[in-house]
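The structure file start_21.tsv is reproduced below (TSV, C-alpha atoms and all ligand atoms).
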```
chain	number	residue	atom	x	y	z
A	1	MET	CA	-9.42	-14.73	0.46
A	2	ILE	CA	-7.08	-11.81	1.05
A	3	ILE	CA	-4.53	-10.56	-1.47
A	4	GLY	CA	-1.88	-8.12	-0.31
A	5	LEU	CA	-1.01	-5.71	-3.12
A	6	THR	CA	2.17	-3.71	-2.78
A	7	GLY	CA	4.84	-1.88	-4.74
A	8	GLY	CA	6.95	1.26	-4.61
A	9	ILE	CA	5.95	4.85	-5.21
A	10	ALA	CA	4.10	5.31	-8.52
A	11	SER	CA	4.48	1.63	-9.36
A	12	GLY	CA	0.83	1.32	-10.36
A	13	LYS	CA	-0.85	0.04	-7.18
A	14	SER	CA	-3.88	2.33	-7.47
A	15	THR	CA	-4.29	1.55	-11.16
A	16	ALA	CA	-4.17	-2.17	-10.32
A	17	SER	CA	-6.62	-1.83	-7.42
A	18	LYS	CA	-9.08	0.03	-9.59
A	19	TYR	CA	-8.94	-2.74	-12.16
A	20	PHE	CA	-9.30	-5.50	-9.55
A	21	ALA	CA	-12.33	-3.67	-8.12
A	22	GLU	CA	-13.87	-3.79	-11.59
A	23	ARG	CA	-13.27	-7.53	-11.55
A	24	GLY	CA	-15.22	-7.80	-8.29
A	25	ALA	CA	-12.55	-7.40	-5.62
A	26	TYR	CA	-13.30	-5.57	-2.40
A	27	VAL	CA	-10.39	-3.12	-2.20
A	28	ILE	CA	-9.05	-1.69	1.03
A	29	ASP	CA	-6.65	1.22	0.68
A	30	SER	CA	-4.43	1.19	3.74
A	31	ASP	CA	-3.14	4.65	2.90
A	32	LYS	CA	-6.64	6.02	3.47
A	33	LEU	CA	-6.88	4.09	6.72
A	34	GLY	CA	-3.52	5.67	7.56
A	35	HIS	CA	-5.17	9.10	7.50
A	36	ARG	CA	-7.99	7.84	9.71
A	37	ALA	CA	-5.53	6.26	12.15
A	38	TYR	CA	-4.63	9.63	13.65
A	39	GLU	CA	-7.81	11.62	13.33
A	40	PRO	CA	-8.19	14.18	16.12
A	41	GLY	CA	-9.47	12.50	19.26
A	42	THR	CA	-7.78	9.16	18.63
A	43	GLU	CA	-5.05	7.70	20.79
A	44	ALA	CA	-2.65	7.71	17.85
A	45	PHE	CA	-3.25	11.46	17.37
A	46	ALA	CA	-2.30	12.11	20.98
A	47	ALA	CA	0.73	9.86	20.77
A	48	VAL	CA	1.98	11.53	17.58
A	49	ALA	CA	1.53	15.03	19.04
A	50	ARG	CA	3.23	13.98	22.28
A	51	THR	CA	6.14	12.34	20.47
A	52	PHE	CA	6.79	14.92	17.75
A	53	GLY	CA	5.66	18.15	19.40
A	54	PRO	CA	2.69	20.50	19.05
A	55	GLU	CA	4.02	21.88	15.77
A	56	VAL	CA	2.83	18.72	13.97
A	57	VAL	CA	-0.76	19.77	14.72
A	58	GLY	CA	-1.92	22.13	11.99
A	59	ALA	CA	-4.17	25.18	12.33
A	60	ASP	CA	-7.15	22.96	11.46
A	61	GLY	CA	-6.46	20.79	14.50
A	62	ARG	CA	-5.30	17.82	12.40
A	63	ILE	CA	-1.89	16.25	12.07
A	64	ASP	CA	-0.02	18.14	9.35
A	65	ARG	CA	1.42	15.30	7.29
A	66	LYS	CA	3.95	17.58	5.60
A	67	VAL	CA	5.41	18.83	8.89
A	68	LEU	CA	5.37	15.32	10.31
A	69	GLY	CA	6.99	13.93	7.15
A	70	GLY	CA	9.76	16.51	7.43
A	71	LYS	CA	10.51	15.32	10.95
A	72	VAL	CA	10.86	11.66	10.06
A	73	PHE	CA	12.20	11.59	6.53
A	74	GLY	CA	15.78	10.34	6.40
A	75	ARG	CA	15.77	9.73	10.18
A	76	PRO	CA	15.23	6.02	10.74
A	77	GLU	CA	14.86	6.29	14.53
A	78	GLU	CA	12.22	9.01	14.28
A	79	LEU	CA	10.46	7.16	11.50
A	80	LYS	CA	10.33	4.03	13.64
A	81	LYS	CA	8.73	6.02	16.47
A	82	LEU	CA	6.02	7.09	14.04
A	83	THR	CA	5.42	3.68	12.50
A	84	ASP	CA	5.32	2.08	15.95
A	85	ILE	CA	2.39	4.38	16.73
A	86	VAL	CA	0.58	4.32	13.43
A	87	TRP	CA	1.09	0.86	11.92
A	88	PRO	CA	-0.66	-1.12	14.69
A	89	GLU	CA	-3.62	1.23	14.42
A	90	ILE	CA	-3.79	0.91	10.63
A	91	ARG	CA	-3.58	-2.85	11.06
A	92	ARG	CA	-6.45	-2.79	13.55
A	93	LEU	CA	-8.66	-0.69	11.25
A	94	THR	CA	-7.73	-2.94	8.34
A	95	GLN	CA	-8.64	-6.12	10.20
A	96	LEU	CA	-12.01	-4.64	11.14
A	97	GLU	CA	-12.73	-3.77	7.53
A	98	ILE	CA	-11.59	-7.19	6.27
A	99	GLN	CA	-13.79	-8.95	8.82
A	100	ALA	CA	-16.80	-6.86	7.83
A	101	ALA	CA	-16.18	-7.44	4.12
A	102	LEU	CA	-15.83	-11.21	4.54
A	103	ALA	CA	-18.82	-11.41	6.90
A	104	GLU	CA	-20.89	-9.90	4.12
A	105	ASP	CA	-19.56	-12.34	1.53
A	106	PRO	CA	-17.09	-15.06	2.60
A	107	ASP	CA	-16.27	-15.95	-1.00
A	108	ARG	CA	-15.16	-12.54	-2.14
A	109	VAL	CA	-11.58	-11.56	-2.81
A	110	VAL	CA	-10.32	-8.75	-0.61
A	111	VAL	CA	-7.41	-6.78	-2.06
A	112	LEU	CA	-5.45	-4.97	0.58
A	113	GLU	CA	-3.37	-2.23	-1.03
A	114	ALA	CA	-0.45	-1.05	1.08
A	115	ALA	CA	2.83	0.55	0.03
A	116	VAL	CA	4.43	-0.63	3.29
A	117	MET	CA	2.84	-4.10	3.36
A	118	LEU	CA	6.15	-5.98	3.60
A	119	GLU	CA	7.92	-3.45	5.87
A	120	ALA	CA	4.99	-3.56	8.31
A	121	GLY	CA	4.63	-7.36	8.11
A	122	TRP	CA	0.95	-7.15	7.14
A	123	ASN	CA	1.61	-9.80	4.48
A	124	ARG	CA	1.54	-12.33	7.33
A	125	SER	CA	-2.24	-12.12	7.36
A	126	THR	CA	-2.74	-12.32	3.61
A	127	ASP	CA	-3.14	-15.44	1.48
A	128	GLU	CA	-1.03	-14.13	-1.38
A	129	VAL	CA	1.31	-11.20	-1.94
A	130	TRP	CA	1.12	-9.46	-5.30
A	131	VAL	CA	3.87	-7.01	-6.16
A	132	VAL	CA	3.81	-4.35	-8.86
A	133	ILE	CA	7.27	-3.41	-10.04
A	134	VAL	CA	8.49	-0.60	-12.25
A	135	GLU	CA	11.97	0.51	-13.24
A	136	PRO	CA	13.06	3.27	-10.84
A	137	ASP	CA	13.65	5.87	-13.60
A	138	ILE	CA	10.13	5.29	-14.89
A	139	ALA	CA	8.68	5.51	-11.38
A	140	VAL	CA	10.41	8.86	-10.93
A	141	ALA	CA	9.02	10.19	-14.21
A	142	ARG	CA	5.48	9.02	-13.35
A	143	ALA	CA	5.58	10.39	-9.80
A	144	VAL	CA	6.86	13.74	-11.07
A	145	ALA	CA	4.14	13.86	-13.73
A	146	ARG	CA	1.41	12.90	-11.24
A	147	ASP	CA	2.40	14.88	-8.16
A	148	GLY	CA	4.66	17.61	-9.51
A	149	LEU	CA	7.38	16.54	-7.08
A	150	ASP	CA	11.05	17.27	-7.41
A	151	PRO	CA	12.76	14.31	-9.18
A	152	ALA	CA	15.59	14.22	-6.62
A	153	ALA	CA	13.07	13.97	-3.76
A	154	VAL	CA	11.32	11.07	-5.48
A	155	ARG	CA	14.65	9.36	-6.09
A	156	SER	CA	15.60	9.56	-2.44
A	157	ARG	CA	12.21	8.21	-1.41
A	158	ILE	CA	12.65	5.26	-3.76
A	159	ALA	CA	16.15	4.66	-2.39
A	160	SER	CA	14.73	4.56	1.16
A	161	GLN	CA	12.14	1.92	0.25
A	162	LEU	CA	12.58	-1.78	-0.50
A	163	SER	CA	14.09	-2.51	-3.90
A	164	ASN	CA	12.21	-4.34	-6.64
A	165	ALA	CA	14.43	-7.40	-6.06
A	166	GLU	CA	13.55	-7.43	-2.34
A	167	ARG	CA	9.86	-7.20	-3.14
A	168	ILE	CA	10.03	-9.87	-5.85
A	169	ALA	CA	11.73	-12.26	-3.40
A	170	ARG	CA	8.66	-12.10	-1.20
A	171	ALA	CA	5.97	-12.10	-3.87
A	172	ASP	CA	3.64	-14.86	-4.99
A	173	VAL	CA	2.70	-12.88	-8.09
A	174	VAL	CA	4.80	-10.19	-9.79
A	175	ILE	CA	3.27	-7.73	-12.24
A	176	ASP	CA	5.63	-5.57	-14.28
A	177	ASN	CA	4.50	-2.03	-15.06
A	178	SER	CA	7.56	-0.67	-16.85
A	179	GLY	CA	5.77	-0.73	-20.22
A	180	THR	CA	2.71	1.03	-21.60
A	181	LEU	CA	-0.55	1.32	-19.73
A	182	GLU	CA	-2.06	-1.06	-22.28
A	183	GLU	CA	0.57	-3.70	-21.48
A	184	PHE	CA	-0.01	-3.22	-17.78
A	185	MET	CA	-3.76	-3.63	-18.15
A	186	SER	CA	-3.33	-6.87	-20.04
A	187	ARG	CA	-0.95	-8.18	-17.35
A	188	LEU	CA	-3.48	-7.27	-14.68
A	189	GLU	CA	-6.14	-9.08	-16.63
A	190	ALA	CA	-3.93	-12.18	-16.98
A	191	ALA	CA	-3.09	-12.12	-13.26
A	192	TRP	CA	-6.76	-11.92	-12.28
A	193	ASP	CA	-7.74	-14.64	-14.76
A	194	ALA	CA	-5.02	-16.89	-13.32
A	195	LEU	CA	-6.30	-16.18	-9.81
A	196	GLU	CA	-9.81	-17.21	-10.82
A	197	THR	CA	-8.45	-20.42	-12.34
A	198	ARG	CA	-6.46	-21.14	-9.16
A	199	ARG	CA	-9.45	-20.47	-6.99
A	200	ALA	CA	-11.61	-22.77	-9.08
A	201	ALA	CA	-8.96	-25.51	-8.75
A	202	GLN	CA	-8.07	-24.50	-5.17
A	203	GLU	CA	-4.37	-24.27	-6.02
A	204	PRO	CA	-1.86	-21.93	-4.40
A	205	ALA	CA	-0.03	-19.26	-6.43
A	206	ARG	CA	3.30	-21.03	-6.02
A	301	LIG	P1	0.76	4.02	-7.13
A	301	LIG	O1	-0.65	3.82	-6.64
A	301	LIG	O2	1.61	2.79	-6.95
A	301	LIG	O3	1.43	5.24	-6.57
A	301	LIG	P2	-0.47	4.74	-9.66
A	301	LIG	O4	-1.37	3.62	-10.07
A	301	LIG	O5	-1.11	5.96	-9.09
A	301	LIG	O6	0.71	4.21	-8.72
A	301	LIG	O7	0.40	5.13	-10.94
A	301	LIG	C1	1.31	6.24	-10.86
A	301	LIG	C2	1.05	7.21	-11.98
A	301	LIG	O8	1.53	6.65	-13.20
A	301	LIG	C3	-0.41	7.54	-12.20
A	301	LIG	O9	-0.51	8.88	-12.61
A	301	LIG	C4	-0.81	6.59	-13.30
A	301	LIG	O10	-1.89	7.08	-14.05
A	301	LIG	C5	0.45	6.49	-14.13
A	301	LIG	N1	0.68	5.19	-14.75
A	301	LIG	C6	0.53	3.97	-14.18
A	301	LIG	N2	0.90	2.99	-15.02
A	301	LIG	C7	1.31	3.61	-16.15
A	301	LIG	C8	1.83	3.13	-17.43
A	301	LIG	N3	2.03	1.83	-17.68
A	301	LIG	N4	2.15	4.06	-18.35
A	301	LIG	C9	1.99	5.37	-18.09
A	301	LIG	N5	1.52	5.89	-16.94
A	301	LIG	C10	1.18	5.02	-15.98
```
Starting from the coordinates I provided, produce the structure as structure tokens.
Ligand code: ADP
Amino acid sequence: MIIGLTGGIASGKSTASKYFAERGAYVIDSDKLGHRAYEPGTEAFAAVARTFGPEVVGADGRIDRKVLGGKVFGRPEELKKLTDIVWPEIRRLTQLEIQAALAEDPDRVVVLEAAVMLEAGWNRSTDEVWVVIVEPDIAVARAVARDGLDPAAVRSRIASQLSNAERIARADVVIDNSGTLEEFMSRLEAAWDALETRRAAQEPAR
């Protein structure tokens, strides 16, 4: 079984994944696969360099994500050029990892964590979509505390992503993380317990 886990910036996806891993899930972090997607020598690397210019290749010979980010942020057409190159490759790497994980143990739960799950349409190959939501002001505060980013920059990133309402509309399971970490952990526990009950009874989430 494959669960797609998504949510906005600093919503609590990594915290949730870590907990689900403790409960026995096999977690795939699509953000990490995103880095691998354009390693030097790959087709995606060449396509990104060709499309965005040699300046996106850093002194170390790798794609400089900061420079690349600066070229696409706030420019939907440029961003689409990038996602058209990178998303199919991330999807391919993800499918390979899912297949390997399920070949090892067909009964395990694979949690696929991806910030852009719904935008990229990867939810089409999951059994359930779980969404972590957090009030935007709280997300800004947590992102600033974690990454030391400028609050205005975080705000504009949140504004450019799907809203909580849009994510909720497409979710099978919604987990709110606007409260304390303790509250979040108990919601994660309840969500995983409910999943185990559903799996035992072979019932869908909704
Ligand atoms: P994401 O993976 O969605 O970006 P994280 O799980 O990394 O989100 O959470 C963002 C930051 O907020 C992290 O530093 C995390 O430790 C912190 N955090 C998550 N949930 C809470 C909470 N309920 N209360 C306080 N801090 C939290």
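The space between CA of Glu196 (chain A) and CA of Val109 (chain A) spans 10.0 Å.
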Which one of A:Glu135, A:Val72, A:Pro40, A:Glu182 sits closest to Val57 (chain A) if you count all atoms listed in the file?
->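 Comparing A:Glu135, A:Val72, A:Pro40, A:Glu182 against Val57 (chain A), the winner is A:Pro40.
Here CA of Phe184 (chain A) stands at a distance of 28.6 Å from CA of His35 (chain A).
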Contact check, chain A to ligand LIG 301 (chain A), at most 10 Å, counting all atoms listed in the file, closest pairs as CSV:
```
residue,atom,partner,partner_atom,distance
A:Leu5,CA,A:LIG301,O2,9.7
A:Thr6,CA,A:LIG301,O2,7.7
A:Gly7,CA,A:LIG301,O2,6.1
A:Gly8,CA,A:LIG301,O2,6.0
A:Ile9,CA,A:LIG301,O3,4.7
A:Ala10,CA,A:LIG301,O3,3.3
A:Ser11,CA,A:LIG301,O2,3.9
A:Gly12,CA,A:LIG301,O4,3.2
A:Lys13,CA,A:LIG301,O2,3.7
A:Ser14,CA,A:LIG301,O1,3.7
A:Thr15,CA,A:LIG301,O4,3.7
A:Ala16,CA,A:LIG301,O4,6.4
A:Ser17,CA,A:LIG301,O4,8.0
A:Lys18,CA,A:LIG301,O4,8.5
A:Asp29,CA,A:LIG301,O1,9.8
A:Asp31,CA,A:LIG301,O1,9.9
A:Glu113,CA,A:LIG301,O1,8.7
A:Ala114,CA,A:LIG301,O1,9.1
A:Ala115,CA,A:LIG301,O2,7.4
A:Val132,CA,A:LIG301,O2,7.7
A:Ile133,CA,A:LIG301,O2,8.9
A:Val134,CA,A:LIG301,N3,8.8
A:Ile138,CA,A:LIG301,C9,8.7
A:Ala139,CA,A:LIG301,C1,7.4
A:Val140,CA,A:LIG301,O8,9.4
A:Ala141,CA,A:LIG301,O8,8.3
A:Arg142,CA,A:LIG301,O8,4.6
A:Ala143,CA,A:LIG301,C2,5.9
A:Val144,CA,A:LIG301,C2,8.8
A:Ala145,CA,A:LIG301,O9,6.9
A:Arg146,CA,A:LIG301,O9,4.7
A:Asp147,CA,A:LIG301,O9,8.0
A:Asp176,CA,A:LIG301,N3,8.9
A:Asn177,CA,A:LIG301,N3,5.3
A:Ser178,CA,A:LIG301,N3,6.1
A:Gly179,CA,A:LIG301,N3,5.2
A:Thr180,CA,A:LIG301,N3,4.1
A:Leu181,CA,A:LIG301,N3,3.3
A:Glu182,CA,A:LIG301,N3,6.8
A:Glu183,CA,A:LIG301,N3,6.9
A:Phe184,CA,A:LIG301,N3,5.4
A:Met185,CA,A:LIG301,N3,8.0
```
Could you save those same residues with C-alpha atoms as a compact mmCIF listing (two decimals), in the frame of the given file?
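again_12.txt, freshly written:
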```
# COMPACT_ATOMS: atom_id res chain seq x y z
CA LEU A 5 -1.01 -5.71 -3.12
CA THR A 6 2.17 -3.71 -2.78
CA GLY A 7 4.84 -1.88 -4.74
CA GLY A 8 6.95 1.26 -4.61
CA ILE A 9 5.95 4.85 -5.21
CA ALA A 10 4.10 5.31 -8.52
CA SER A 11 4.48 1.63 -9.36
CA GLY A 12 0.83 1.32 -10.36
CA LYS A 13 -0.85 0.04 -7.18
CA SER A 14 -3.88 2.33 -7.47
CA THR A 15 -4.29 1.55 -11.16
CA ALA A 16 -4.17 -2.17 -10.32
CA SER A 17 -6.62 -1.83 -7.42
CA LYS A 18 -9.08 0.03 -9.59
CA ASP A 29 -6.65 1.22 0.68
CA ASP A 31 -3.14 4.65 2.90
CA GLU A 113 -3.37 -2.23 -1.03
CA ALA A 114 -0.45 -1.05 1.08
CA ALA A 115 2.83 0.55 0.03
CA VAL A 132 3.81 -4.35 -8.86
CA ILE A 133 7.27 -3.41 -10.04
CA VAL A 134 8.49 -0.60 -12.25
CA ILE A 138 10.13 5.29 -14.89
CA ALA A 139 8.68 5.51 -11.38
CA VAL A 140 10.41 8.86 -10.93
CA ALA A 141 9.02 10.19 -14.21
CA ARG A 142 5.48 9.02 -13.35
CA ALA A 143 5.58 10.39 -9.80
CA VAL A 144 6.86 13.74 -11.07
CA ALA A 145 4.14 13.86 -13.73
CA ARG A 146 1.41 12.90 -11.24
CA ASP A 147 2.40 14.88 -8.16
CA ASP A 176 5.63 -5.57 -14.28
CA ASN A 177 4.50 -2.03 -15.06
CA SER A 178 7.56 -0.67 -16.85
CA GLY A 179 5.77 -0.73 -20.22
CA THR A 180 2.71 1.03 -21.60
CA LEU A 181 -0.55 1.32 -19.73
CA GLU A 182 -2.06 -1.06 -22.28
CA GLU A 183 0.57 -3.70 -21.48
CA PHE A 184 -0.01 -3.22 -17.78
CA MET A 185 -3.76 -3.63 -18.15
```
Could you check how far CA of Asp172 (chain A) sits from CA of Trp130 (chain A), in Å to one decimal?
-> 6.0 Å
At a cut-off of 12 Å from (-3.5, -12.4, -14.1) in the coordinates of the file, what residues are picked up using only C-alpha atoms, written as a ChimeraX atom specification?
-> /A:16,19-20,23,130,172-176,184-198,205
Keeping only C-alpha atoms, write those residues as a tab-separated table (two decimals), in the frame of the given file.
```
chain	number	residue	atom	x	y	z
A	16	ALA	CA	-4.17	-2.17	-10.32
A	19	TYR	CA	-8.94	-2.74	-12.16
A	20	PHE	CA	-9.30	-5.50	-9.55
A	23	ARG	CA	-13.27	-7.53	-11.55
A	130	TRP	CA	1.12	-9.46	-5.30
A	172	ASP	CA	3.64	-14.86	-4.99
A	173	VAL	CA	2.70	-12.88	-8.09
A	174	VAL	CA	4.80	-10.19	-9.79
A	175	ILE	CA	3.27	-7.73	-12.24
A	176	ASP	CA	5.63	-5.57	-14.28
A	184	PHE	CA	-0.01	-3.22	-17.78
A	185	MET	CA	-3.76	-3.63	-18.15
A	186	SER	CA	-3.33	-6.87	-20.04
A	187	ARG	CA	-0.95	-8.18	-17.35
A	188	LEU	CA	-3.48	-7.27	-14.68
A	189	GLU	CA	-6.14	-9.08	-16.63
A	190	ALA	CA	-3.93	-12.18	-16.98
A	191	ALA	CA	-3.09	-12.12	-13.26
A	192	TRP	CA	-6.76	-11.92	-12.28
A	193	ASP	CA	-7.74	-14.64	-14.76
A	194	ALA	CA	-5.02	-16.89	-13.32
A	195	LEU	CA	-6.30	-16.18	-9.81
A	196	GLU	CA	-9.81	-17.21	-10.82
A	197	THR	CA	-8.45	-20.42	-12.34
A	198	ARG	CA	-6.46	-21.14	-9.16
A	205	ALA	CA	-0.03	-19.26	-6.43
```
For each of A:Thr51, A:Thr94, A:Asn164, A:Gln99, take the minimum atom-to-atom distance to Lys80 (chain A), counting only C-alpha atoms, then give the residue where this is smallest.
->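 Ranking A:Thr51, A:Thr94, A:Asn164, A:Gln99 by distance to Lys80 (chain A), first place goes to A:Thr51.
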If you count all atoms listed in the file, which residues fall within 12 Å of Pro54 (chain A), apart from same-chain ones fewer than 4 positions away, as a list in words?
->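 Counting all atoms listed in the file, the residues come to Phe45, Ala46, Ala47, Val48, Ala49, Arg50, Gly58, Ala59, Gly61, Arg62, Ile63, Asp64, Val67 and Leu68 of chain A.
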Export C-alpha atoms of the chosen residues as a short mmCIF file (atom, residue, chain, number, x, y, z; two decimals), keeping the file's coordinate frame?
```cif
data_model
loop_
_atom_site.label_atom_id
_atom_site.label_comp_id
_atom_site.auth_asym_id
_atom_site.auth_seq_id
_atom_site.Cartn_x
_atom_site.Cartn_y
_atom_site.Cartn_z
CA PHE A 45 -3.25 11.46 17.37
CA ALA A 46 -2.30 12.11 20.98
CA ALA A 47 0.73 9.86 20.77
CA VAL A 48 1.98 11.53 17.58
CA ALA A 49 1.53 15.03 19.04
CA ARG A 50 3.23 13.98 22.28
CA GLY A 58 -1.92 22.13 11.99
CA ALA A 59 -4.17 25.18 12.33
CA GLY A 61 -6.46 20.79 14.50
CA ARG A 62 -5.30 17.82 12.40
CA ILE A 63 -1.89 16.25 12.07
CA ASP A 64 -0.02 18.14 9.35
CA VAL A 67 5.41 18.83 8.89
CA LEU A 68 5.37 15.32 10.31
#
```
Quick one: of A:Ala159, A:Val56, A:Ala120, A:Leu93, who's nearest to Asp137 (chain A), counting only C-alpha atoms?
->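 Checking each of A:Ala159, A:Val56, A:Ala120, A:Leu93 against Asp137 (chain A), counting only C-alpha atoms, the winner is A:Ala159.
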